[in-house]
Amino acid sequence: MEEQIRRFLSESFFVDEIAVDASFLAEGVLDSTGVLELVTFLEDTFGIDVNDEEMLPDNLDSVARLVGFVQRKQRTVIAA
């Protein structure tokens, strides 16, 4: 999952090296349009739905946060 996310960041935002816990916002990786592209990628790639209220830095602002968020969402889908 982390590798897929890193590949997306590289191909879409030309980010080749970023620490797993580095903030996308602080590093200037994503803007508001980039967040929408990221959400679309997550939904299409990992089969999850990202609600508006989930579009928060706590969920989407680093590779580590993305991995944790997707894992939580996937567990919720499986449990349902």
# chains A, B, ... in the order shown; residues from 1 in each chain; ligands from 1
>>> closest_atom_pairs(of="range 19-68 of chain A", to="range 3-13 of chain A", cutoff="8 Å", atoms="only C-alpha atoms", output="CSV")
residue,atom,partner,partner_atom,distance
A:Val29,CA,A:Phe13,CA,6.8
A:Leu30,CA,A:Phe13,CA,7.8
A:Phe41,CA,A:Phe8,CA,7.9
A:Val63,CA,A:Ile5,CA,7.1
>>> select_by_dssp(residues="chain A", states="helix (DSSP H, G or I)", output="PyMOL selection string")
chain A and resi 2-13+32-46+52-54+57-60+63-79
>>> write_last_selection(atoms="C-alpha atoms", output="PDB file, in the first residue's frame")
ATOM      1  CA  GLU A   2       2.768   2.439   0.912  1.00  0.00           C
ATOM      2  CA  GLU A   3       4.514   1.728  -2.387  1.00  0.00           C
ATOM      3  CA  GLN A   4       1.307   2.395  -4.356  1.00  0.00           C
ATOM      4  CA  ILE A   5       0.861   5.708  -2.530  1.00  0.00           C
ATOM      5  CA  ARG A   6       4.477   6.696  -3.153  1.00  0.00           C
ATOM      6  CA  ARG A   7       4.154   5.803  -6.853  1.00  0.00           C
ATOM      7  CA  PHE A   8       1.023   7.973  -7.109  1.00  0.00           C
ATOM      8  CA  LEU A   9       2.780  10.897  -5.421  1.00  0.00           C
ATOM      9  CA  SER A  10       5.741  10.519  -7.757  1.00  0.00           C
ATOM     10  CA  GLU A  11       3.666  10.272 -10.925  1.00  0.00           C
ATOM     11  CA  SER A  12       1.098  12.932 -10.040  1.00  0.00           C
ATOM     12  CA  PHE A  13       3.073  15.450  -7.990  1.00  0.00           C
ATOM     13  CA  SER A  32      -6.669  21.789  -2.506  1.00  0.00           C
ATOM     14  CA  THR A  33      -6.850  20.359  -6.025  1.00  0.00           C
ATOM     15  CA  GLY A  34      -4.164  17.848  -5.135  1.00  0.00           C
ATOM     16  CA  VAL A  35      -6.192  16.679  -2.156  1.00  0.00           C
ATOM     17  CA  LEU A  36      -9.121  15.946  -4.470  1.00  0.00           C
ATOM     18  CA  GLU A  37      -6.836  13.994  -6.817  1.00  0.00           C
ATOM     19  CA  LEU A  38      -5.470  12.068  -3.830  1.00  0.00           C
ATOM     20  CA  VAL A  39      -8.964  11.212  -2.593  1.00  0.00           C
ATOM     21  CA  THR A  40      -9.967   9.969  -6.047  1.00  0.00           C
ATOM     22  CA  PHE A  41      -6.832   7.820  -6.157  1.00  0.00           C
ATOM     23  CA  LEU A  42      -7.544   6.349  -2.716  1.00  0.00           C
ATOM     24  CA  GLU A  43     -11.143   5.552  -3.594  1.00  0.00           C
ATOM     25  CA  ASP A  44     -10.293   3.995  -6.959  1.00  0.00           C
ATOM     26  CA  THR A  45      -7.202   2.103  -5.850  1.00  0.00           C
ATOM     27  CA  PHE A  46      -8.224   0.835  -2.440  1.00  0.00           C
ATOM     28  CA  ASP A  52     -16.141  15.080   3.220  1.00  0.00           C
ATOM     29  CA  GLU A  53     -15.708  15.074   7.002  1.00  0.00           C
ATOM     30  CA  GLU A  54     -12.767  12.652   6.642  1.00  0.00           C
ATOM     31  CA  PRO A  57      -4.870  16.443   7.778  1.00  0.00           C
ATOM     32  CA  ASP A  58      -5.166  13.756  10.470  1.00  0.00           C
ATOM     33  CA  ASN A  59      -6.114  11.328   7.693  1.00  0.00           C
ATOM     34  CA  LEU A  60      -4.419  12.648   4.562  1.00  0.00           C
ATOM     35  CA  VAL A  63       2.268   8.696   3.777  1.00  0.00           C
ATOM     36  CA  ALA A  64       1.939   7.178   7.256  1.00  0.00           C
ATOM     37  CA  ARG A  65      -1.412   8.890   7.877  1.00  0.00           C
ATOM     38  CA  LEU A  66      -2.703   7.750   4.487  1.00  0.00           C
ATOM     39  CA  VAL A  67      -1.735   4.136   5.126  1.00  0.00           C
ATOM     40  CA  GLY A  68      -3.404   4.190   8.549  1.00  0.00           C
ATOM     41  CA  PHE A  69      -6.528   5.845   7.183  1.00  0.00           C
ATOM     42  CA  VAL A  70      -6.927   3.385   4.310  1.00  0.00           C
ATOM     43  CA  GLN A  71      -6.360   0.434   6.644  1.00  0.00           C
ATOM     44  CA  ARG A  72      -9.030   1.714   9.045  1.00  0.00           C
ATOM     45  CA  LYS A  73     -11.473   2.278   6.185  1.00  0.00           C
ATOM     46  CA  GLN A  74     -10.842  -1.168   4.751  1.00  0.00           C
ATOM     47  CA  ARG A  75     -11.395  -2.809   8.152  1.00  0.00           C
ATOM     48  CA  THR A  76     -14.691  -0.936   8.441  1.00  0.00           C
ATOM     49  CA  VAL A  77     -15.799  -2.226   5.034  1.00  0.00           C
ATOM     50  CA  ILE A  78     -14.838  -5.799   5.926  1.00  0.00           C
ATOM     51  CA  ALA A  79     -16.610  -5.598   9.300  1.00  0.00           C
TER      52      ALA A  79
END
